[in-house]
>>> print(open('upload_4.txt').read())   # compact mmCIF, C-alpha atoms
# COMPACT_ATOMS: atom_id res chain seq x y z
CA MET Q 25 0.00 0.00 0.00
CA THR Q 26 1.35 3.44 -0.92
CA VAL Q 27 0.17 6.80 0.39
CA THR Q 28 -0.22 9.86 -1.80
CA VAL Q 29 -1.20 13.44 -0.96
CA GLU Q 30 -3.50 15.18 -3.41
CA ARG Q 31 -3.98 18.91 -3.77
CA GLY Q 32 -5.86 20.29 -0.81
CA GLY Q 33 -4.06 18.06 1.67
CA ARG Q 34 -6.36 15.04 1.32
CA VAL Q 35 -4.53 11.75 1.85
CA THR Q 36 -5.50 8.85 -0.35
CA GLY Q 37 -4.41 5.24 -0.52
CA LYS Q 38 -3.45 3.45 -3.73
CA GLN Q 39 -2.68 -0.22 -4.32
CA ASP Q 40 1.01 -0.89 -5.07
CA ARG Q 41 1.24 -2.27 -8.61
CA SER Q 42 5.01 -2.75 -8.68
CA PHE Q 43 6.69 -5.74 -10.38
CA HIS Q 44 6.44 -9.08 -8.57
CA PRO Q 45 8.76 -11.88 -9.81
CA ARG Q 46 6.37 -14.62 -8.69
CA ARG Q 47 3.46 -13.03 -10.55
CA ALA Q 48 5.65 -12.73 -13.68
CA ARG Q 49 6.63 -16.41 -13.48
CA ASP Q 50 2.98 -17.40 -13.21
CA SER Q 51 2.13 -15.36 -16.31
CA TYR Q 52 5.02 -16.94 -18.24
CA ALA Q 53 3.76 -20.39 -17.30
CA LEU Q 54 0.43 -19.62 -18.97
CA PHE Q 55 2.22 -18.96 -22.26
CA LEU Q 56 4.13 -22.25 -21.94
CA LEU Q 57 1.01 -24.27 -21.19
CA PRO Q 58 -0.23 -24.70 -24.83
CA GLY Q 59 3.19 -25.91 -25.97
CA ALA Q 60 3.47 -28.29 -23.01
CA LEU Q 61 0.04 -29.76 -23.74
CA ALA Q 62 0.92 -30.17 -27.44
CA PHE Q 63 4.22 -31.85 -26.52
CA LEU Q 64 2.37 -34.18 -24.17
CA ALA Q 65 -0.23 -35.10 -26.81
CA VAL Q 66 2.13 -35.41 -29.80
CA VAL Q 67 5.31 -36.82 -28.23
CA ILE Q 68 4.92 -38.23 -24.72
CA VAL Q 69 1.60 -40.06 -25.07
CA PRO Q 70 2.47 -41.71 -28.45
CA PHE Q 71 5.88 -42.75 -27.11
CA LEU Q 72 4.32 -44.38 -24.03
CA MET Q 73 1.73 -46.12 -26.20
CA ASN Q 74 4.45 -47.37 -28.56
CA THR Q 75 6.47 -48.63 -25.60
CA GLY Q 76 3.42 -50.50 -24.37
CA VAL Q 77 2.88 -52.09 -27.78
CA SER Q 78 6.56 -53.14 -27.85
CA LEU Q 79 5.87 -55.35 -24.82
CA THR Q 80 3.28 -57.38 -26.71
CA ASP Q 81 3.11 -59.97 -29.48
CA TRP Q 82 0.64 -58.42 -31.91
CA GLN Q 83 -0.04 -58.65 -35.65
CA GLY Q 84 -2.03 -55.42 -35.80
CA VAL Q 85 -5.46 -57.08 -35.57
CA GLY Q 86 -7.14 -58.86 -32.74
CA SER Q 87 -6.07 -58.61 -29.13
CA PRO Q 88 -2.36 -58.18 -28.36
CA GLU Q 89 -0.73 -60.84 -26.20
CA TRP Q 90 1.61 -59.81 -23.42
CA ALA Q 91 5.22 -60.72 -24.27
CA GLY Q 92 7.20 -58.74 -21.72
CA LEU Q 93 10.79 -58.13 -22.84
CA ALA Q 94 10.75 -60.92 -25.43
CA ASN Q 95 10.93 -58.48 -28.36
CA TYR Q 96 13.93 -56.71 -26.85
CA ARG Q 97 15.72 -59.99 -26.19
CA GLU Q 98 15.10 -60.94 -29.81
CA LEU Q 99 16.62 -57.65 -30.93
CA LEU Q 100 19.89 -58.50 -29.21
CA ASP Q 101 20.31 -61.53 -31.47
CA ASP Q 102 18.91 -59.96 -34.66
CA ALA Q 103 21.78 -59.56 -37.13
CA GLU Q 104 19.62 -57.44 -39.46
CA PHE Q 105 18.91 -55.01 -36.63
CA TRP Q 106 22.60 -54.51 -35.85
CA GLU Q 107 23.44 -54.24 -39.55
CA SER Q 108 20.92 -51.41 -39.88
CA PHE Q 109 22.68 -49.56 -37.07
CA ARG Q 110 26.02 -50.08 -38.82
CA HIS Q 111 24.49 -48.39 -41.85
CA SER Q 112 23.42 -45.53 -39.56
CA LEU Q 113 27.10 -44.89 -38.80
CA PHE Q 114 27.67 -44.36 -42.52
CA MET Q 115 24.69 -41.99 -42.55
CA ILE Q 116 26.20 -40.02 -39.66
CA VAL Q 117 29.32 -39.57 -41.75
CA ALA Q 118 27.25 -38.47 -44.75
CA MET Q 119 24.81 -36.23 -42.90
CA ALA Q 120 26.84 -34.89 -39.97
CA ALA Q 121 30.61 -35.25 -40.31
CA LEU Q 122 31.07 -34.40 -44.00
CA PRO Q 123 28.47 -31.58 -44.21
CA THR Q 124 29.89 -30.00 -41.05
CA ALA Q 125 33.48 -30.09 -42.31
CA VAL Q 126 32.66 -28.96 -45.85
CA GLY Q 127 30.10 -26.44 -44.60
CA LEU Q 128 32.71 -24.85 -42.32
CA VAL Q 129 35.17 -24.33 -45.15
CA LEU Q 130 32.51 -23.08 -47.58
CA ALA Q 131 30.99 -20.71 -45.01
CA ALA Q 132 34.39 -19.24 -44.19
CA ALA Q 133 35.23 -18.91 -47.88
CA LEU Q 134 31.93 -17.20 -48.72
CA PHE Q 135 32.14 -14.89 -45.73
CA ASP Q 136 35.85 -14.09 -45.68
CA TYR Q 137 36.73 -14.20 -49.39
CA VAL Q 138 33.72 -14.09 -51.71
CA GLY Q 139 31.90 -11.48 -49.62
CA LYS Q 140 34.94 -9.18 -49.59
CA HIS Q 141 36.03 -9.57 -53.20
CA PHE Q 142 32.72 -10.08 -55.03
CA GLY Q 143 30.22 -8.46 -52.70
CA SER Q 144 27.76 -9.68 -50.11
CA ARG Q 145 25.04 -10.18 -52.73
CA THR Q 146 27.12 -12.78 -54.57
CA ALA Q 147 27.82 -14.57 -51.30
CA ALA Q 148 24.09 -14.53 -50.48
CA VAL Q 149 23.19 -16.01 -53.88
CA LEU Q 150 25.72 -18.82 -53.48
CA ARG Q 151 24.48 -19.47 -49.96
CA ALA Q 152 20.91 -19.77 -51.26
CA CYS Q 153 22.04 -22.20 -53.96
CA PHE Q 154 23.68 -24.44 -51.38
CA TYR Q 155 20.60 -24.25 -49.16
CA LEU Q 156 18.13 -25.07 -51.95
CA PRO Q 157 18.20 -28.89 -51.35
CA GLN Q 158 17.02 -28.27 -47.78
CA VAL Q 159 13.91 -26.54 -49.11
CA LEU Q 160 13.00 -29.35 -51.52
CA PRO Q 161 10.78 -32.10 -50.10
CA ILE Q 162 12.87 -35.21 -49.60
CA ALA Q 163 10.45 -37.23 -51.73
CA VAL Q 164 10.96 -34.88 -54.68
CA ALA Q 165 14.74 -34.86 -54.23
CA GLY Q 166 14.77 -38.65 -53.98
CA ILE Q 167 12.76 -39.11 -57.17
CA VAL Q 168 15.02 -36.71 -59.07
CA TRP Q 169 18.13 -38.53 -57.87
CA SER Q 170 16.63 -41.89 -58.74
CA TRP Q 171 16.32 -40.60 -62.33
CA ILE Q 172 19.90 -39.30 -62.26
CA LEU Q 173 21.27 -42.60 -60.92
CA ALA Q 174 19.12 -44.89 -63.08
CA PRO Q 175 21.23 -47.74 -64.57
CA ASP Q 176 20.07 -47.54 -68.21
CA ASP Q 177 19.21 -43.98 -69.14
CA GLY Q 178 20.20 -42.10 -65.99
CA SER Q 179 21.84 -38.71 -66.39
CA LEU Q 180 25.01 -39.73 -64.59
CA ASN Q 181 25.64 -42.79 -66.76
CA GLU Q 182 24.78 -40.82 -69.90
CA LEU Q 183 27.25 -38.13 -68.89
CA LEU Q 184 29.98 -40.70 -68.29
CA GLN Q 185 29.27 -42.18 -71.70
CA ALA Q 186 29.38 -38.76 -73.36
CA VAL Q 187 32.82 -37.89 -71.94
CA GLY Q 188 34.33 -41.23 -72.90
CA LEU Q 189 34.07 -42.91 -69.50
CA GLY Q 190 31.45 -45.44 -70.46
CA SER Q 191 33.32 -48.17 -68.59
CA TRP Q 192 32.45 -46.34 -65.36
CA ARG Q 193 28.72 -46.79 -65.90
CA GLN Q 194 27.19 -48.51 -62.88
CA ASP Q 195 23.89 -49.57 -61.41
CA TRP Q 196 24.36 -47.02 -58.65
CA LEU Q 197 21.31 -47.94 -56.59
CA GLY Q 198 21.03 -51.61 -57.58
CA ASP Q 199 24.53 -52.81 -56.78
CA PRO Q 200 24.84 -53.90 -53.12
CA ASP Q 201 28.45 -52.67 -53.06
CA LEU Q 202 27.54 -49.18 -54.32
CA ALA Q 203 24.00 -48.50 -53.13
CA LEU Q 204 24.88 -47.30 -49.63
CA TYR Q 205 27.59 -44.95 -50.92
CA SER Q 206 25.20 -43.60 -53.55
CA VAL Q 207 22.61 -42.82 -50.89
CA MET Q 208 25.34 -41.22 -48.78
CA GLY Q 209 26.30 -38.96 -51.68
CA VAL Q 210 22.69 -37.84 -52.09
CA MET Q 211 22.42 -37.09 -48.37
CA VAL Q 212 25.61 -35.00 -48.40
CA TRP Q 213 24.02 -32.92 -51.17
CA VAL Q 214 20.77 -32.60 -49.21
CA GLN Q 215 22.34 -31.79 -45.85
CA LEU Q 216 25.16 -29.43 -46.81
CA GLY Q 217 23.06 -26.26 -46.87
CA PHE Q 218 22.00 -26.41 -43.22
CA PRO Q 219 25.47 -26.19 -41.62
CA LEU Q 220 26.53 -23.64 -44.22
CA VAL Q 221 23.70 -21.26 -43.27
CA VAL Q 222 24.22 -21.77 -39.55
CA PHE Q 223 27.96 -21.15 -39.78
CA MET Q 224 27.54 -18.04 -41.92
CA ALA Q 225 25.08 -16.70 -39.35
CA GLY Q 226 27.62 -17.46 -36.60
CA LEU Q 227 30.36 -15.64 -38.47
CA GLN Q 228 28.27 -12.47 -38.37
CA ARG Q 229 28.97 -12.14 -34.63
CA VAL Q 230 32.77 -12.54 -34.93
CA ASP Q 231 34.61 -9.26 -34.39
CA PRO Q 232 36.02 -8.17 -37.80
CA GLN Q 233 38.99 -6.61 -36.03
CA LEU Q 234 40.27 -10.10 -35.24
CA TYR Q 235 40.55 -10.88 -38.95
CA GLU Q 236 42.07 -7.48 -39.69
CA ALA Q 237 44.69 -7.87 -36.98
CA ALA Q 238 45.58 -11.37 -38.14
CA GLU Q 239 45.82 -10.21 -41.74
CA LEU Q 240 48.14 -7.35 -40.73
CA ASP Q 241 50.33 -9.88 -38.94
CA GLY Q 242 50.67 -11.81 -42.19
CA ALA Q 243 48.29 -14.68 -41.41
CA GLY Q 244 46.94 -16.35 -44.52
CA TRP Q 245 43.33 -17.43 -45.06
CA TRP Q 246 43.85 -20.93 -43.72
CA ARG Q 247 45.53 -19.73 -40.51
CA ARG Q 248 42.75 -17.19 -39.94
CA PHE Q 249 40.24 -20.00 -40.44
CA ALA Q 250 42.00 -22.35 -38.00
CA HIS Q 251 42.82 -19.83 -35.25
CA ILE Q 252 39.90 -17.39 -35.44
CA THR Q 253 36.91 -18.89 -37.25
CA LEU Q 254 36.87 -22.32 -35.61
CA PRO Q 255 37.23 -21.14 -31.98
CA GLN Q 256 34.72 -18.32 -32.42
CA ILE Q 257 31.87 -20.43 -33.83
CA ARG Q 258 32.35 -23.44 -31.56
CA PRO Q 259 28.75 -23.21 -30.20
CA GLU Q 260 27.36 -23.38 -33.74
CA ILE Q 261 29.52 -26.44 -34.46
CA HIS Q 262 28.07 -28.22 -31.43
CA VAL Q 263 24.52 -27.39 -32.51
CA VAL Q 264 25.07 -28.54 -36.09
CA LEU Q 265 26.76 -31.80 -35.10
CA THR Q 266 24.01 -32.66 -32.61
CA TRP Q 267 21.18 -31.74 -34.97
CA CYS Q 268 22.65 -33.51 -38.00
CA THR Q 269 23.52 -36.66 -36.02
CA ILE Q 270 19.92 -36.92 -34.86
CA ALA Q 271 18.72 -36.41 -38.44
CA ALA Q 272 21.08 -39.17 -39.62
CA LEU Q 273 19.82 -41.64 -37.03
CA LYS Q 274 16.18 -41.11 -37.97
CA VAL Q 275 16.65 -40.76 -41.74
CA PHE Q 276 13.80 -42.47 -43.56
CA GLY Q 277 12.45 -40.59 -46.57
CA ALA Q 278 15.55 -40.80 -48.75
CA VAL Q 279 16.02 -44.53 -48.11
CA TYR Q 280 12.34 -45.21 -48.77
CA VAL Q 281 12.28 -43.31 -52.07
CA LEU Q 282 15.68 -44.36 -53.42
CA THR Q 283 16.16 -47.99 -52.42
CA LYS Q 284 13.50 -49.15 -49.92
CA GLY Q 285 16.34 -50.59 -47.86
CA GLY Q 286 17.69 -52.69 -50.72
CA PRO Q 287 19.24 -54.22 -52.58
CA GLY Q 288 19.33 -57.14 -50.17
CA GLY Q 289 19.26 -54.86 -47.12
CA ALA Q 290 22.40 -52.99 -48.22
CA THR Q 291 20.85 -49.61 -47.34
CA ASN Q 292 18.58 -50.67 -44.49
CA VAL Q 293 18.54 -48.25 -41.54
CA PRO Q 294 16.73 -48.59 -38.17
CA SER Q 295 13.85 -46.25 -39.07
CA TYR Q 296 13.10 -48.10 -42.32
CA PHE Q 297 13.67 -51.47 -40.63
CA SER Q 298 11.06 -50.53 -38.03
CA PHE Q 299 8.65 -49.35 -40.73
CA ALA Q 300 9.04 -52.53 -42.79
CA THR Q 301 8.68 -54.76 -39.73
CA PHE Q 302 5.65 -52.85 -38.54
CA PHE Q 303 3.67 -52.47 -41.78
CA GLU Q 304 5.04 -54.99 -44.27
CA LYS Q 305 5.73 -57.94 -42.00
CA THR Q 306 2.91 -56.93 -39.61
CA GLN Q 307 5.10 -57.72 -36.61
CA VAL Q 308 3.73 -54.72 -34.76
CA GLY Q 309 5.21 -55.46 -31.35
CA TYR Q 310 8.66 -56.12 -32.75
CA GLY Q 311 8.57 -53.00 -34.95
CA ALA Q 312 7.51 -50.93 -31.94
CA ALA Q 313 10.48 -52.31 -29.98
CA ILE Q 314 12.86 -51.21 -32.75
CA SER Q 315 11.43 -47.68 -32.80
CA THR Q 316 11.51 -47.48 -29.00
CA VAL Q 317 15.20 -48.39 -28.89
CA LEU Q 318 15.93 -45.87 -31.64
CA THR Q 319 14.03 -43.14 -29.78
CA VAL Q 320 15.94 -43.79 -26.56
CA ILE Q 321 19.28 -43.68 -28.41
CA ILE Q 322 18.37 -40.37 -30.04
CA LEU Q 323 17.22 -38.94 -26.70
CA VAL Q 324 20.48 -39.96 -24.99
CA LEU Q 325 22.59 -38.49 -27.78
CA SER Q 326 20.59 -35.26 -27.62
CA LEU Q 327 21.13 -34.94 -23.88
CA VAL Q 328 24.84 -35.70 -24.24
CA GLY Q 329 25.17 -33.12 -27.03
CA LEU Q 330 23.38 -30.46 -24.97
CA ARG Q 331 25.52 -31.28 -21.95
CA LEU Q 332 28.76 -30.99 -23.92
CA GLN Q 333 27.62 -27.71 -25.43
CA THR Q 334 26.71 -26.29 -22.01
CA ARG Q 335 30.03 -27.40 -20.55
CA ALA Q 336 31.94 -25.80 -23.43
CA GLN Q 337 30.04 -22.53 -23.02
CA ASP Q 338 30.67 -22.51 -19.26
CA ALA Q 339 34.37 -23.12 -19.83
CA GLU Q 340 34.52 -20.30 -22.38
CA GLU Q 341 32.78 -17.88 -20.02
CA GLY Q 342 35.15 -18.93 -17.24
CA LEU Q 343 38.15 -18.08 -19.42
CA ARG Q 344 36.69 -14.67 -20.23
CA THR Q 345 36.21 -13.83 -16.57
>>> encode(input="upload_4.txt", output="structure tokens")
Amino acid sequence: MTVTVERGGRVTGKQDRSFHPRRARDSYALFLLPGALAFLAVVIVPFLMNTGVSLTDWQGVGSPEWAGLANYRELLDDAEFWESFRHSLFMIVAMAALPTAVGLVLAAALFDYVGKHFGSRTAAVLRACFYLPQVLPIAVAGIVWSWILAPDDGSLNELLQAVGLGSWRQDWLGDPDLALYSVMGVMVWVQLGFPLVVFMAGLQRVDPQLYEAAELDGAGWWRRFAHITLPQIRPEIHVVLTWCTIAALKVFGAVYVLTKGGPGGATNVPSYFSFATFFEKTQVGYGAAISTVLTVIILVLSLVGLRLQTRAQDAEEGLRT
């Protein structure tokens, strides 16, 4: 309660409407409530239902029979399941490691060289060209690449024939020894734009005087990249690696459109393996167990990535202070 004195000497009381932290927190919670309810309905409830189904022996019709951990014990001895995870490691290379490394170099080159010598508009156009595959629906990109990599009249084989390298013509998606690497190449093309855009955004916050001082000291482009660019955008690198690794583990659309896990399981990945087991083989309980294990792995990796990023940021702030 505050007291005020009006003209004429009359004293009046007025309710104190100053800022209260607890009241502010309560108002913020109201804004978070719709998102929390949506997360509960879209993520938590379906995950719990899927976990429950994974504990049953069910063909998708009739009443499910309780199986306990039988599906998970079967997974431990399933060679196809472990082979699909081995293929996921290749996808992590194609969708996380290579795009991050190449995206770093391209982002630094566009920002530090192309932008200075050819103008920011040229750098922006090139950035948009690299990012274009991210905008395309994966089904459209997969169909286009299936035409390019077709064994008989595909664009790639026709190009090899036209330049006198007809002996290099291959069945890129039909050969078990080449199919996985062909899919990896497509995914590098699809994924490259995301790290490039993130890194170029991160470079915007780097102090230009650091580059100017290094250039005056005679440091070449590569030394400026190694000693200034990389340390300054370390948070963005953590974000990109975490995000792209998760995307690689749950990749589905490209495999479904290009190869459907074939030939002979050469491109099978856990997400497609779960889909095929669930819908094609109608082993609903077993397919749910595969997806549950995959979800837990992705969740653990996400938490580890966030923890490492937080620890790196805390260490950096400690060095500054």
>>> residues_around(input="upload_4.txt", residues="Val210 (chain Q)", least_positions_apart="6", cutoff="12 Å", atoms="only C-alpha atoms", output="MDAnalysis selection string")
chainID Q and resid 115 118:119 123 157:158 162 165:170 172:173 196:197 203:204 216 277:279 281:282
>>> residues_near_point(input="upload_4.txt", point="(23.7, -28.6, -43.3)", cutoff="12 Å", atoms="only C-alpha atoms", output="ChimeraX atom specification")
/Q:118-128,130-131,151,154-159,211-224,260-261,263-269,271-272
>>> write_last_selection(input="upload_4.txt", atoms="C-alpha atoms", output="JSON list (two decimals), in the frame of the given file")
[["chain", "number", "residue", "atom", "x", "y", "z"],
["Q", 118, "ALA", "CA", 27.25, -38.47, -44.75],
["Q", 119, "MET", "CA", 24.81, -36.23, -42.90],
["Q", 120, "ALA", "CA", 26.84, -34.89, -39.97],
["Q", 121, "ALA", "CA", 30.61, -35.25, -40.31],
["Q", 122, "LEU", "CA", 31.07, -34.40, -44.00],
["Q", 123, "PRO", "CA", 28.47, -31.58, -44.21],
["Q", 124, "THR", "CA", 29.89, -30.00, -41.05],
["Q", 125, "ALA", "CA", 33.48, -30.09, -42.31],
["Q", 126, "VAL", "CA", 32.66, -28.96, -45.85],
["Q", 127, "GLY", "CA", 30.10, -26.44, -44.60],
["Q", 128, "LEU", "CA", 32.71, -24.85, -42.32],
["Q", 130, "LEU", "CA", 32.51, -23.08, -47.58],
["Q", 131, "ALA", "CA", 30.99, -20.71, -45.01],
["Q", 151, "ARG", "CA", 24.48, -19.47, -49.96],
["Q", 154, "PHE", "CA", 23.68, -24.44, -51.38],
["Q", 155, "TYR", "CA", 20.60, -24.25, -49.16],
["Q", 156, "LEU", "CA", 18.13, -25.07, -51.95],
["Q", 157, "PRO", "CA", 18.20, -28.89, -51.35],
["Q", 158, "GLN", "CA", 17.02, -28.27, -47.78],
["Q", 159, "VAL", "CA", 13.91, -26.54, -49.11],
["Q", 211, "MET", "CA", 22.42, -37.09, -48.37],
["Q", 212, "VAL", "CA", 25.61, -35.00, -48.40],
["Q", 213, "TRP", "CA", 24.02, -32.92, -51.17],
["Q", 214, "VAL", "CA", 20.77, -32.60, -49.21],
["Q", 215, "GLN", "CA", 22.34, -31.79, -45.85],
["Q", 216, "LEU", "CA", 25.16, -29.43, -46.81],
["Q", 217, "GLY", "CA", 23.06, -26.26, -46.87],
["Q", 218, "PHE", "CA", 22.00, -26.41, -43.22],
["Q", 219, "PRO", "CA", 25.47, -26.19, -41.62],
["Q", 220, "LEU", "CA", 26.53, -23.64, -44.22],
["Q", 221, "VAL", "CA", 23.70, -21.26, -43.27],
["Q", 222, "VAL", "CA", 24.22, -21.77, -39.55],
["Q", 223, "PHE", "CA", 27.96, -21.15, -39.78],
["Q", 224, "MET", "CA", 27.54, -18.04, -41.92],
["Q", 260, "GLU", "CA", 27.36, -23.38, -33.74],
["Q", 261, "ILE", "CA", 29.52, -26.44, -34.46],
["Q", 263, "VAL", "CA", 24.52, -27.39, -32.51],
["Q", 264, "VAL", "CA", 25.07, -28.54, -36.09],
["Q", 265, "LEU", "CA", 26.76, -31.80, -35.10],
["Q", 266, "THR", "CA", 24.01, -32.66, -32.61],
["Q", 267, "TRP", "CA", 21.18, -31.74, -34.97],
["Q", 268, "CYS", "CA", 22.65, -33.51, -38.00],
["Q", 269, "THR", "CA", 23.52, -36.66, -36.02],
["Q", 271, "ALA", "CA", 18.72, -36.41, -38.44],
["Q", 272, "ALA", "CA", 21.08, -39.17, -39.62]]
>>> atom_distance(input="upload_4.txt", atom1="CA of Pro88 (chain Q)", atom2="CA of Phe302 (chain Q)")
14.0 Å
>>> atom_distance(input="upload_4.txt", atom1="CA of Asn95 (chain Q)", atom2="CA of Val77 (chain Q)")
10.3 Å
>>> atom_distance(input="upload_4.txt", atom1="CA of Thr306 (chain Q)", atom2="CA of Asp102 (chain Q)")
17.0 Å
>>> closest_atom_pairs(input="upload_4.txt", of="region 178-251 of chain Q", to="region 287-291 of chain Q", cutoff="10 Å", atoms="only C-alpha atoms", output="CSV")
residue,atom,partner,partner_atom,distance
Q:Leu197,CA,Q:Pro287,CA,7.7
Q:Gly198,CA,Q:Pro287,CA,5.9
Q:Asp199,CA,Q:Pro287,CA,6.9
Q:Pro200,CA,Q:Ala290,CA,5.5
Q:Asp201,CA,Q:Ala290,CA,7.8
Q:Leu202,CA,Q:Ala290,CA,8.8
Q:Ala203,CA,Q:Thr291,CA,6.7
Q:Leu204,CA,Q:Thr291,CA,5.2
Q:Tyr205,CA,Q:Thr291,CA,8.9
Q:Ser206,CA,Q:Thr291,CA,9.7
Q:Val207,CA,Q:Thr291,CA,7.9
Q:Met208,CA,Q:Thr291,CA,9.6
>>> residues_around(input="upload_4.txt", residues="Trp246 (chain Q)", least_positions_apart="2", cutoff="12 Å", atoms="only C-alpha atoms", output="list of chain:residue names")
Q:Leu128, Q:Val129, Q:Ala132, Q:Ala133, Q:Asp136, Q:Tyr137, Q:Tyr235, Q:Ala238, Q:Glu239, Q:Gly242, Q:Ala243, Q:Gly244, Q:Arg248, Q:Phe249, Q:Ala250, Q:His251, Q:Ile252, Q:Thr253, Q:Leu254
>>> closest_residue(input="upload_4.txt", among="Q:Ile270, Q:Val117, Q:Leu61, Q:Ala225", to="Ala148 (chain Q)", atoms="only C-alpha atoms")
Q:Ala225
>>> residues_near_point(input="upload_4.txt", point="(5.6, -56.3, -37.5)", cutoff="12 Å", atoms="all atoms listed in the file", output="JSON, numbers by chain")
{"Q": [77, 78, 80, 81, 82, 83, 84, 85, 95, 297, 298, 299, 300, 301, 302, 303, 304, 305, 306, 307, 308, 309, 310, 311, 312, 313, 314, 315]}
